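Printed here is my_file.cif (mmCIF, C-alpha atoms and all ligand atoms):
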data_coords
loop_
_atom_site.label_atom_id
_atom_site.label_comp_id
_atom_site.auth_asym_id
_atom_site.auth_seq_id
_atom_site.Cartn_x
_atom_site.Cartn_y
_atom_site.Cartn_z
CA PRO A 24 27.94 160.84 159.73
CA THR A 25 31.23 159.44 160.97
CA ALA A 26 31.93 155.77 161.72
CA LEU A 27 34.94 154.38 163.56
CA VAL A 28 36.00 150.94 162.32
CA THR A 29 38.54 149.04 164.42
CA GLY A 30 40.95 146.60 162.76
CA ALA A 31 40.41 148.41 159.46
CA THR A 32 43.16 146.50 157.65
CA GLY A 33 41.42 143.14 158.17
CA PHE A 34 39.79 141.01 155.47
CA ILE A 35 36.22 141.69 156.62
CA ALA A 36 36.87 145.28 157.74
CA GLN A 37 38.08 146.35 154.29
CA HIS A 38 34.71 145.30 152.88
CA VAL A 39 32.97 147.15 155.71
CA LEU A 40 34.93 150.29 154.82
CA ASP A 41 33.93 149.80 151.20
CA LYS A 42 30.21 149.63 152.03
CA LEU A 43 30.45 152.69 154.28
CA LEU A 44 32.40 154.81 151.79
CA ALA A 45 30.09 153.81 148.93
CA ARG A 46 27.24 155.26 151.01
CA ASN A 47 29.13 158.47 151.81
CA TYR A 48 29.84 157.82 155.48
CA ARG A 49 32.96 159.47 156.82
CA VAL A 50 35.23 156.75 158.15
CA ILE A 51 38.07 156.59 160.66
CA GLY A 52 39.83 153.24 160.62
CA THR A 53 42.14 151.99 163.33
CA ALA A 54 45.28 150.11 162.32
CA ARG A 55 48.37 148.94 164.17
CA SER A 56 50.49 151.50 162.31
CA GLU A 57 50.20 154.26 159.74
CA ALA A 58 52.42 152.20 157.42
CA LYS A 59 49.94 149.31 157.48
CA PHE A 60 47.08 151.65 156.62
CA THR A 61 48.74 153.63 153.81
CA PRO A 62 48.34 151.07 150.97
CA LEU A 63 44.68 150.66 151.91
CA LEU A 64 44.14 154.41 151.92
CA GLU A 65 45.70 154.66 148.47
CA ASN A 66 43.43 151.92 147.11
CA PHE A 67 40.35 153.59 148.56
CA LYS A 68 41.34 157.03 147.29
CA GLU A 69 41.54 155.55 143.82
CA LYS A 70 38.15 153.85 144.13
CA TYR A 71 36.40 156.76 145.89
CA PRO A 72 38.29 159.99 145.05
CA ASP A 73 36.02 162.05 147.32
CA ALA A 74 36.12 159.62 150.23
CA ASP A 75 36.61 161.00 153.72
CA LEU A 76 38.79 158.24 155.16
CA SER A 77 41.49 158.61 157.77
CA CYS A 78 43.57 156.46 160.07
CA ALA A 79 43.94 156.33 163.84
CA VAL A 80 46.87 154.27 165.07
CA VAL A 81 46.01 151.70 167.76
CA PRO A 82 49.04 149.39 167.99
CA ASP A 83 47.37 146.90 170.33
CA ILE A 84 43.64 146.77 171.07
CA ALA A 85 44.39 144.89 174.30
CA SER A 86 46.61 147.52 175.91
CA PRO A 87 44.88 149.58 178.62
CA ASP A 88 42.86 152.54 177.32
CA ALA A 89 43.74 151.54 173.74
CA PHE A 90 40.87 153.49 172.19
CA ASP A 91 40.70 156.49 174.53
CA LYS A 92 42.75 158.80 172.33
CA VAL A 93 40.79 158.28 169.12
CA LEU A 94 37.41 158.73 170.82
CA LYS A 95 38.64 161.76 172.78
CA GLU A 96 39.97 163.41 169.64
CA HIS A 97 36.93 162.71 167.45
CA PRO A 98 33.69 163.88 169.03
CA GLU A 99 32.09 163.54 165.59
CA ILE A 100 32.09 159.73 165.81
CA LYS A 101 28.50 158.55 165.85
CA TYR A 102 28.90 154.88 165.01
CA VAL A 103 31.47 152.38 166.27
CA LEU A 104 32.10 149.14 164.41
CA HIS A 105 34.46 146.89 166.33
CA THR A 106 35.91 144.16 164.09
CA ALA A 107 39.46 143.80 165.47
CA SER A 108 40.15 140.49 167.18
CA PRO A 109 42.95 137.95 166.75
CA PHE A 110 42.20 135.53 163.93
CA SER A 111 45.56 134.17 162.81
CA PHE A 112 46.76 130.71 163.71
CA GLY A 113 50.21 129.40 164.54
CA LEU A 114 50.94 132.23 166.97
CA ASP A 115 54.00 131.72 169.10
CA LYS A 116 52.31 132.67 172.38
CA PRO A 117 50.26 130.95 175.11
CA PHE A 118 46.59 130.67 174.02
CA GLU A 119 45.42 133.11 176.66
CA GLU A 120 47.80 135.84 175.49
CA ALA A 121 47.20 135.10 171.81
CA TYR A 122 43.39 134.90 171.75
CA LEU A 123 41.42 135.32 174.96
CA LYS A 124 43.01 138.49 176.33
CA PRO A 125 43.05 140.56 173.14
CA ALA A 126 39.51 139.48 172.19
CA VAL A 127 37.98 140.28 175.58
CA SER A 128 40.12 143.29 176.56
CA GLY A 129 39.84 144.75 173.06
CA THR A 130 36.05 144.61 173.27
CA LEU A 131 35.89 146.04 176.78
CA ASN A 132 38.44 148.74 175.93
CA ILE A 133 36.32 150.10 173.11
CA LEU A 134 33.14 150.05 175.22
CA GLN A 135 34.94 151.77 178.13
CA ALA A 136 36.34 154.43 175.83
CA ILE A 137 32.86 155.16 174.43
CA LYS A 138 31.55 155.38 177.98
CA LYS A 139 34.27 157.84 179.04
CA TYR A 140 34.57 160.05 175.99
CA ALA A 141 31.79 159.47 173.47
CA PRO A 142 28.26 159.82 174.86
CA GLN A 143 27.18 160.98 171.40
CA VAL A 144 27.62 157.48 169.93
CA THR A 145 24.24 156.06 168.86
CA ASN A 146 25.15 152.60 167.51
CA VAL A 147 27.81 150.01 168.24
CA VAL A 148 28.26 146.93 166.07
CA ILE A 149 30.63 144.19 167.23
CA THR A 150 31.92 141.41 164.99
CA SER A 151 31.21 138.32 167.01
CA SER A 152 30.94 134.91 165.36
CA PHE A 153 29.01 131.68 164.95
CA ALA A 154 31.76 130.51 167.32
CA ALA A 155 29.75 132.16 170.11
CA ILE A 156 26.58 130.28 169.03
CA MET A 157 27.75 126.77 168.11
CA LYS A 158 28.51 123.69 170.14
CA ALA A 159 31.41 121.56 168.95
CA ASN A 160 30.46 118.43 167.00
CA ASP A 161 26.71 119.04 167.41
CA THR A 162 24.94 118.30 164.13
CA THR A 163 21.41 117.88 165.53
CA THR A 164 20.61 121.06 167.52
CA VAL A 165 19.01 123.78 165.40
CA PHE A 166 21.16 126.79 166.28
CA THR A 167 19.49 130.22 166.38
CA ASN A 168 20.60 133.66 167.45
CA GLU A 169 19.55 132.71 170.98
CA SER A 170 22.04 129.83 171.19
CA TRP A 171 25.26 130.21 173.16
CA ASN A 172 28.39 128.12 172.96
CA PRO A 173 28.82 126.39 176.36
CA LEU A 174 32.61 126.03 175.89
CA LYS A 175 34.64 126.92 178.98
CA TRP A 176 38.16 128.31 178.81
CA GLU A 177 39.37 125.53 181.15
CA ASP A 178 38.39 122.98 178.51
CA VAL A 179 40.35 124.58 175.69
CA THR A 180 43.10 122.27 174.44
CA ASN A 181 43.92 123.54 170.96
CA GLU A 182 44.33 126.76 169.05
CA GLU A 183 41.05 126.52 167.19
CA ALA A 184 39.11 126.04 170.42
CA ALA A 185 41.05 128.96 171.94
CA TYR A 186 39.82 131.17 169.10
CA VAL A 187 36.25 129.89 169.45
CA ALA A 188 36.29 130.50 173.21
CA SER A 189 37.82 133.96 172.73
CA LYS A 190 34.89 134.99 170.55
CA THR A 191 32.34 133.51 172.97
CA TYR A 192 33.88 135.23 175.98
CA ALA A 193 34.25 138.54 174.13
CA GLU A 194 30.58 138.63 173.15
CA HIS A 195 29.52 137.66 176.66
CA ALA A 196 31.71 140.45 178.05
CA ALA A 197 30.18 143.00 175.68
CA ARG A 198 26.60 142.02 176.54
CA LYS A 199 27.33 142.01 180.28
CA PHE A 200 28.88 145.48 180.03
CA TYR A 201 25.87 146.69 178.03
CA GLU A 202 23.35 145.30 180.54
CA GLU A 203 25.19 146.74 183.52
CA GLU A 204 25.99 150.16 182.10
CA LYS A 205 22.77 150.70 180.15
CA PRO A 206 24.39 153.14 177.72
CA ASN A 207 22.41 155.31 175.30
CA TYR A 208 23.55 153.55 172.16
CA LYS A 209 22.11 150.42 170.57
CA LEU A 210 24.34 147.34 170.43
CA ALA A 211 24.24 144.80 167.59
CA THR A 212 26.54 141.87 166.99
CA VAL A 213 27.29 140.13 163.70
CA ASN A 214 27.61 136.35 164.14
CA PRO A 215 28.82 134.82 160.89
CA PRO A 216 30.20 131.31 160.41
CA PHE A 217 33.06 130.81 157.92
CA VAL A 218 33.45 134.05 155.97
CA LEU A 219 34.48 133.48 152.37
CA GLY A 220 34.86 135.75 149.40
CA PRO A 221 37.36 137.81 147.46
CA GLN A 222 39.77 140.30 148.97
CA LEU A 223 38.39 143.78 148.39
CA PHE A 224 41.49 144.79 146.45
CA ASP A 225 43.42 142.44 144.16
CA SER A 226 46.62 143.84 145.65
CA SER A 227 45.72 142.20 149.01
CA VAL A 228 45.85 138.73 147.45
CA THR A 229 48.89 136.93 148.85
CA GLN A 230 50.04 133.36 148.37
CA VAL A 231 48.72 132.51 151.84
CA LEU A 232 45.26 134.03 152.28
CA ASN A 233 43.45 135.18 155.43
CA SER A 234 42.51 132.33 157.81
CA SER A 235 39.02 131.52 156.50
CA ASN A 236 39.84 131.65 152.79
CA GLU A 237 43.02 129.72 153.48
CA ALA A 238 40.94 126.79 154.77
CA LEU A 239 39.24 126.83 151.37
CA ASN A 240 42.61 126.75 149.71
CA ALA A 241 43.57 123.68 151.75
CA ILE A 242 40.64 121.81 150.18
CA SER A 243 42.03 122.47 146.72
CA HIS A 244 45.33 120.93 147.84
CA VAL A 245 43.82 117.53 148.63
CA ASP A 246 45.70 114.81 146.68
CA PRO A 247 44.27 115.01 143.10
CA SER A 248 43.84 111.22 142.96
CA GLU A 249 41.48 111.27 145.98
CA THR A 250 38.03 109.78 145.24
CA SER A 251 36.57 109.47 148.73
CA PRO A 252 33.91 111.92 150.06
CA GLN A 253 35.59 115.07 151.45
CA LYS A 254 34.33 116.25 154.81
CA GLN A 255 36.65 119.19 155.49
CA VAL A 256 35.33 122.15 157.50
CA SER A 257 31.80 120.76 158.14
CA LEU A 258 30.33 124.13 159.07
CA MET A 259 28.45 126.86 157.21
CA ALA A 260 29.58 129.78 155.09
CA VAL A 261 28.60 133.36 154.36
CA ASP A 262 30.07 135.78 151.84
CA VAL A 263 32.29 138.61 153.09
CA ARG A 264 30.25 141.16 151.12
CA ASP A 265 27.11 140.12 152.99
CA VAL A 266 28.97 140.15 156.31
CA ALA A 267 30.05 143.72 155.56
CA GLU A 268 26.49 144.71 154.66
CA PHE A 269 25.28 143.39 158.01
CA HIS A 270 27.78 145.67 159.76
CA VAL A 271 26.15 148.69 158.14
CA LEU A 272 22.49 147.64 158.24
CA PRO A 273 22.15 148.11 162.02
CA LEU A 274 22.98 151.80 161.47
CA GLU A 275 20.21 152.13 158.90
CA VAL A 276 17.49 149.59 159.71
CA PRO A 277 16.04 150.21 163.18
CA GLU A 278 14.83 146.58 163.54
CA LEU A 279 18.46 145.44 163.30
CA ALA A 280 20.05 148.00 165.61
CA SER A 281 19.92 145.65 168.61
CA GLU A 282 19.95 142.34 166.77
CA ARG A 283 22.27 139.42 167.31
CA GLU A 284 22.71 139.01 163.56
CA PHE A 285 23.11 135.31 162.81
CA ILE A 286 23.77 135.09 159.07
CA VAL A 287 24.48 132.09 156.84
CA SER A 288 24.37 131.43 153.12
CA ASP A 289 24.92 127.68 152.84
CA PRO A 290 26.42 124.64 154.54
CA LEU A 291 30.18 124.34 153.96
CA ILE A 292 31.77 120.98 153.27
CA GLY A 293 34.95 120.18 151.34
CA GLN A 294 33.15 118.03 148.78
CA ARG A 295 30.85 120.89 147.74
CA VAL A 296 33.85 123.19 147.32
CA LEU A 297 35.55 120.59 145.10
CA ASN A 298 32.36 120.18 143.06
CA ILE A 299 32.13 123.96 142.55
CA LEU A 300 35.77 124.10 141.48
CA ASN A 301 35.48 121.12 139.14
CA ASP A 302 32.30 122.57 137.58
CA ASN A 303 33.66 126.07 137.11
CA PHE A 304 37.39 125.77 136.47
CA PRO A 305 38.17 123.20 133.74
CA GLU A 306 41.77 124.40 133.83
CA LEU A 307 42.12 122.82 137.28
CA LYS A 308 41.32 119.36 135.91
CA GLY A 309 43.87 116.84 137.12
CA LYS A 310 45.33 119.39 139.54
CA ILE A 311 42.58 119.16 142.17
CA ALA A 312 40.73 116.18 143.61
CA LYS A 313 37.26 115.12 142.49
CA GLY A 314 36.47 113.33 145.73
CA ASP A 315 33.05 111.69 145.50
CA TYR A 316 30.97 114.20 143.51
CA ASP A 317 27.56 112.77 144.33
CA SER A 318 28.11 112.65 148.09
CA ALA A 319 28.04 116.43 148.71
CA GLU A 320 24.39 116.79 149.66
CA LYS A 321 24.43 113.77 151.96
CA LEU A 322 27.59 115.04 153.67
CA GLU A 323 26.07 118.48 154.18
CA LYS A 324 23.09 116.88 155.90
CA GLU A 325 25.20 114.55 158.03
CA CYS A 326 28.18 116.69 158.99
CA CYS A 327 27.15 120.37 159.04
CA PRO A 328 25.33 122.06 161.95
CA LYS A 329 21.60 122.80 161.59
CA TYR A 330 20.50 126.41 161.81
CA ASP A 331 17.55 128.77 161.72
CA ILE A 332 18.44 132.36 160.81
CA SER A 333 14.87 133.54 160.24
CA SER A 334 14.96 136.15 163.04
CA THR A 335 17.69 138.19 161.38
CA VAL A 336 16.56 137.57 157.81
CA LYS A 337 13.04 138.76 158.53
CA LYS A 338 14.29 141.94 160.19
CA ALA A 339 16.55 142.50 157.17
CA HIS A 340 13.49 142.45 154.94
CA ASN A 341 14.07 138.91 153.59
CA TYR A 342 17.67 139.60 152.65
CA LYS A 343 19.06 137.32 149.93
CA PHE A 344 22.54 136.00 150.61
CA ILE A 345 25.25 135.51 148.00
CA PRO A 346 25.34 131.74 147.40
CA LEU A 347 28.41 129.70 148.33
CA GLU A 348 29.07 128.93 144.67
CA LYS A 349 29.61 132.61 143.88
CA SER A 350 31.82 133.13 146.94
CA VAL A 351 34.04 130.19 146.00
CA VAL A 352 34.21 131.11 142.31
CA ASP A 353 35.08 134.71 143.10
CA VAL A 354 37.83 133.70 145.54
CA TYR A 355 39.43 131.37 143.03
CA LYS A 356 39.07 133.69 140.05
CA GLN A 357 40.93 136.34 142.00
CA TYR A 358 43.52 133.93 143.38
CA LEU A 359 44.19 132.12 140.09
CA SER A 360 44.67 135.39 138.24
CA LYS A 361 47.71 135.94 140.45
CA TYR A 362 48.92 132.43 141.31
CA THR A 363 48.39 129.82 138.62
P1 LIG B 401 41.74 139.44 159.87
O1 LIG B 401 42.83 138.73 160.58
O2 LIG B 401 41.91 139.76 158.45
O3 LIG B 401 41.35 140.76 160.65
C1 LIG B 401 41.57 140.95 162.01
C2 LIG B 401 41.96 142.39 162.25
O4 LIG B 401 42.10 142.62 163.66
C3 LIG B 401 43.30 142.74 161.60
O5 LIG B 401 43.24 144.03 161.08
C4 LIG B 401 44.25 142.66 162.79
O6 LIG B 401 45.39 143.46 162.61
C5 LIG B 401 43.38 143.20 163.90
N1 LIG B 401 43.87 142.80 165.20
C6 LIG B 401 43.87 141.55 165.73
N2 LIG B 401 44.43 141.57 166.96
C7 LIG B 401 44.81 142.85 167.20
C8 LIG B 401 45.45 143.50 168.29
N3 LIG B 401 45.81 142.84 169.40
N4 LIG B 401 45.67 144.84 168.19
C9 LIG B 401 45.33 145.51 167.07
N5 LIG B 401 44.71 144.95 166.02
C10 LIG B 401 44.46 143.63 166.08
O7 LIG B 401 40.44 138.51 160.06
P2 LIG B 401 38.93 138.72 159.62
O8 LIG B 401 38.74 139.94 158.83
O9 LIG B 401 38.50 137.42 159.08
O10 LIG B 401 38.23 138.91 161.04
C11 LIG B 401 37.61 140.11 161.47
C12 LIG B 401 36.65 139.80 162.59
O11 LIG B 401 35.68 138.87 162.13
C13 LIG B 401 37.28 139.15 163.82
O12 LIG B 401 36.63 139.67 164.95
C14 LIG B 401 36.95 137.68 163.65
O13 LIG B 401 36.91 137.00 164.88
C15 LIG B 401 35.56 137.80 163.04
N6 LIG B 401 35.09 136.61 162.34
C16 LIG B 401 35.76 136.15 161.22
C17 LIG B 401 35.29 135.04 160.55
C18 LIG B 401 35.96 134.51 159.33
O14 LIG B 401 35.65 133.40 158.90
N7 LIG B 401 36.87 135.27 158.70
C19 LIG B 401 34.12 134.30 161.03
C20 LIG B 401 33.46 134.89 162.18
C21 LIG B 401 33.94 135.99 162.79
P3 LIG B 401 46.77 142.76 162.15
O15 LIG B 401 46.48 142.05 160.86
O16 LIG B 401 47.67 143.91 162.00
O17 LIG B 401 47.13 141.80 163.24
#

Rewrite the coordinates I just gave you, this time as structure tokens.
Amino acid sequence: PTALVTGATGFIAQHVLDKLLARNYRVIGTARSEAKFTPLLENFKEKYPDADLSCAVVPDIASPDAFDKVLKEHPEIKYVLHTASPFSFGLDKPFEEAYLKPAVSGTLNILQAIKKYAPQVTNVVITSSFAAIMKANDTTTVFTNESWNPLKWEDVTNEEAAYVASKTYAEHAARKFYEEEKPNYKLATVNPPFVLGPQLFDSSVTQVLNSSNEALNAISHVDPSETSPQKQVSLMAVDVRDVAEFHVLPLEVPELASEREFIVSDPLIGQRVLNILNDNFPELKGKIAKGDYDSAEKLEKECCPKYDISSTVKKAHNYKFIPLEKSVVDVYKQYLSKYT
């Protein structure tokens, strides 16, 4: 069967492609240009010589009818996995143009295109986020896959909040469309918090990493003489390989086909990341901070949101997540092999 993956060049999407190709799906990936897709295609051809992977150029997911052509030209597409959404910071544009519009229009454009040209599609999976579930600075509510972020666009004052709101509004828009149109396919969303883990291909490792891994990197740049407890991030984490798996599971596990997949491995706090690095990379001694080693557990309890992911985990047959320690170690092993 053939799956369309939007934003195929992204950090998470590359892992999604990997899972799909390993299981012999045919895959069409959208990318802003052929040139951006070519290195990826070469890497995949090397890893899976028999892979059926091709590219459809979609320069901007937010432009009207962005996905019409690819769905019109490929009546074999049975599954649509929509991952593309802006997730880079420091953009030189008003917040609405940079985040809200592409996130919401991109999502509605793909659903409209399926409606117009692809009645054969049986499953749609949209990459939403814990952003659509959380409430800023709330460390007492137990968040579940029924929780919704109450943030309003009018109250957005910084870039991070603009991103969070864009994800919330995009998921709302998708669910509203689905309820109103009652299409034949099943709709699942994947709602991960901070996604950490190695780049699929070593060649994608750059000095500045993708947004979520880069936040991890910032923790390792805390002044090495620092001995106070480190509270950076104060959220939760999940490994990119698990996030990718949960994009494919709704196509294969009927209980997950319509799930709002809220997935988490562990709380995420700077101090824990420093402890993992200090425990696993003696060569970093003196180059990274120790912070206050013994404070990690207390900080996790005090500063990170509470959550209950049992709905999704049960439906995924008691899925076991990759622990934070492995995600962090794998990111740094890969990064340090290139930049020491
Ligand atoms: P990336 O930035 O690596 O991937 C985003 C992808 O979307 C890129 O391929 C990007 O292309 C594409 N894209 C963005 N805007 C447009 C546009 N206007 N037109 C065409 N393509 C566009 O980030 P991630 O892999 O981390 O994110 C993937 C998805 O996961 C996003 O929906 C994000 O919101 C979600 N997510 C990520 C989390 C994380 O911690 N990483 C946590 C929760 C959700 P290009 O690079 O060419 O701009």

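Pairwise distance (CA of Asn146 (chain A), atom C15 of ligand LIG 401 (chain B)) equals 18.6 Å.
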
Identify, on the basis of all atoms listed in the file, every residue whose closest approach to region 71-78 of chain A does not exceed 8 Å; exclude the query and any residue fewer than 4 positions from it along the same chain; express the result as a list in words.
Leu44, Ala45, Asn47, Tyr48, Arg49, Val50, Ile51, Gly52, Thr53, Ala54, Glu57, Phe60, Leu64 and Phe67 of chain A

Please list as a PyMOL selection string every residue within 6 Å of region 116-130 of chain A, counting only C-alpha atoms and excluding residues in the same chain fewer than 4 positions away. chain A and resi 84-85+108-109+186+189+193

For ligand LIG 401 (chain B), return the neighbouring residues as a PDB file with C-alpha atoms, in the coordinates of the input (distance at most 7 Å; all atoms listed in the file).
ATOM      1  CA  GLY A  30      40.950 146.600 162.760  1.00  0.00           C
ATOM      2  CA  ALA A  31      40.410 148.410 159.460  1.00  0.00           C
ATOM      3  CA  THR A  32      43.160 146.500 157.650  1.00  0.00           C
ATOM      4  CA  GLY A  33      41.420 143.140 158.170  1.00  0.00           C
ATOM      5  CA  PHE A  34      39.790 141.010 155.470  1.00  0.00           C
ATOM      6  CA  ILE A  35      36.220 141.690 156.620  1.00  0.00           C
ATOM      7  CA  ALA A  36      36.870 145.280 157.740  1.00  0.00           C
ATOM      8  CA  ALA A  54      45.280 150.110 162.320  1.00  0.00           C
ATOM      9  CA  ARG A  55      48.370 148.940 164.170  1.00  0.00           C
ATOM     10  CA  VAL A  81      46.010 151.700 167.760  1.00  0.00           C
ATOM     11  CA  PRO A  82      49.040 149.390 167.990  1.00  0.00           C
ATOM     12  CA  ASP A  83      47.370 146.900 170.330  1.00  0.00           C
ATOM     13  CA  ILE A  84      43.640 146.770 171.070  1.00  0.00           C
ATOM     14  CA  ALA A  85      44.390 144.890 174.300  1.00  0.00           C
ATOM     15  CA  THR A 106      35.910 144.160 164.090  1.00  0.00           C
ATOM     16  CA  ALA A 107      39.460 143.800 165.470  1.00  0.00           C
ATOM     17  CA  SER A 108      40.150 140.490 167.180  1.00  0.00           C
ATOM     18  CA  PRO A 109      42.950 137.950 166.750  1.00  0.00           C
ATOM     19  CA  PHE A 110      42.200 135.530 163.930  1.00  0.00           C
ATOM     20  CA  SER A 111      45.560 134.170 162.810  1.00  0.00           C
ATOM     21  CA  PRO A 125      43.050 140.560 173.140  1.00  0.00           C
ATOM     22  CA  THR A 150      31.920 141.410 164.990  1.00  0.00           C
ATOM     23  CA  SER A 151      31.210 138.320 167.010  1.00  0.00           C
ATOM     24  CA  SER A 152      30.940 134.910 165.360  1.00  0.00           C
ATOM     25  CA  PHE A 153      29.010 131.680 164.950  1.00  0.00           C
ATOM     26  CA  ALA A 154      31.760 130.510 167.320  1.00  0.00           C
ATOM     27  CA  LYS A 190      34.890 134.990 170.550  1.00  0.00           C
ATOM     28  CA  ASN A 214      27.610 136.350 164.140  1.00  0.00           C
ATOM     29  CA  PRO A 215      28.820 134.820 160.890  1.00  0.00           C
ATOM     30  CA  PRO A 216      30.200 131.310 160.410  1.00  0.00           C
ATOM     31  CA  PHE A 217      33.060 130.810 157.920  1.00  0.00           C
ATOM     32  CA  VAL A 218      33.450 134.050 155.970  1.00  0.00           C
ATOM     33  CA  LEU A 219      34.480 133.480 152.370  1.00  0.00           C
ATOM     34  CA  ASN A 233      43.450 135.180 155.430  1.00  0.00           C
ATOM     35  CA  SER A 234      42.510 132.330 157.810  1.00  0.00           C
ATOM     36  CA  SER A 235      39.020 131.520 156.500  1.00  0.00           C
TER      37      SER A 235
END

**Study point:** Length of the CA of Thr363 (chain A) to CA of Ala319 (chain A) vector [Å]
**Key:**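 Separation of CA of Thr363 (chain A) and CA of Ala319 (chain A): 26.4 Å.
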
Of A:Leu272, A:Leu297, A:Leu258, A:Ile311, the one nearest to Glu325 (chain A) when counting only C-alpha atoms is A:Leu258

Nearest candidate to Asn66 (chain A) (options A:Phe224, A:Lys321, A:Pro247, A:Glu169; using all atoms listed in the file):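 Answer, going by the shortest atom-to-atom distance: A:Phe224.
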
In Å and to one decimal, CA of Tyr140 (chain A) is distant from CA of Pro87 (chain A) by 14.9 Å

Could you name the residues that touch Asp317 (chain A) at 10 Å or less, counting only C-alpha atoms, but leaving out those on the same chain fewer than 2 positions away, as a PDB file with C-alpha atoms, in the coordinates of the input?
ATOM      1  CA  PRO A 252      33.910 111.920 150.060  1.00  0.00           C
ATOM      2  CA  GLN A 294      33.150 118.030 148.780  1.00  0.00           C
ATOM      3  CA  ARG A 295      30.850 120.890 147.740  1.00  0.00           C
ATOM      4  CA  ASN A 298      32.360 120.180 143.060  1.00  0.00           C
ATOM      5  CA  GLY A 314      36.470 113.330 145.730  1.00  0.00           C
ATOM      6  CA  ASP A 315      33.050 111.690 145.500  1.00  0.00           C
ATOM      7  CA  ALA A 319      28.040 116.430 148.710  1.00  0.00           C
ATOM      8  CA  GLU A 320      24.390 116.790 149.660  1.00  0.00           C
ATOM      9  CA  LYS A 321      24.430 113.770 151.960  1.00  0.00           C
ATOM     10  CA  LEU A 322      27.590 115.040 153.670  1.00  0.00           C
TER      11      LEU A 322
END

Find the residues around Ile137 (chain A) up to 8 Å (only C-alpha atoms counted), leave out those fewer than 6 positions away in its own chain, and share them as a ChimeraX atom specification.
/A:91,94,144

Quick one: residues within 9 Å of Ile286 (chain A), only C-alpha atoms counted, chain neighbours fewer than 3 positions away excluded, as a CSV table (one decimal) with C-alpha atoms, in the coordinates of the input?
chain,number,residue,atom,x,y,z
A,153,PHE,CA,29.0,131.7,165.0
A,213,VAL,CA,27.3,140.1,163.7
A,214,ASN,CA,27.6,136.4,164.1
A,215,PRO,CA,28.8,134.8,160.9
A,216,PRO,CA,30.2,131.3,160.4
A,260,ALA,CA,29.6,129.8,155.1
A,261,VAL,CA,28.6,133.4,154.4
A,265,ASP,CA,27.1,140.1,153.0
A,266,VAL,CA,29.0,140.2,156.3
A,269,PHE,CA,25.3,143.4,158.0
A,332,ILE,CA,18.4,132.4,160.8
A,335,THR,CA,17.7,138.2,161.4
A,336,VAL,CA,16.6,137.6,157.8
A,344,PHE,CA,22.5,136.0,150.6

Across A:Pro206, A:Pro142, A:Pro98, A:Pro221, the smallest distance to His38 (chain A), with only C-alpha atoms counted, is shown by A:Pro221

Among A:Ala267, A:Ile100, A:Val354, A:Trp171, Ala238 (chain A) is approached most closely, using only C-alpha atoms, by A:Val354

- [ ] Using all atoms listed in the file, find the one residue out of A:Leu291, A:Val351, A:Val271, A:Leu114 that sits nearest to Lys324 (chain A).
- [x]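 Smallest distance to Lys324 (chain A) is found for A:Leu291.
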
Across A:Arg46, A:Lys356, A:Arg283, A:Lys313, the smallest distance to Ser334 (chain A), with all atoms listed in the file counted, is shown by A:Arg283
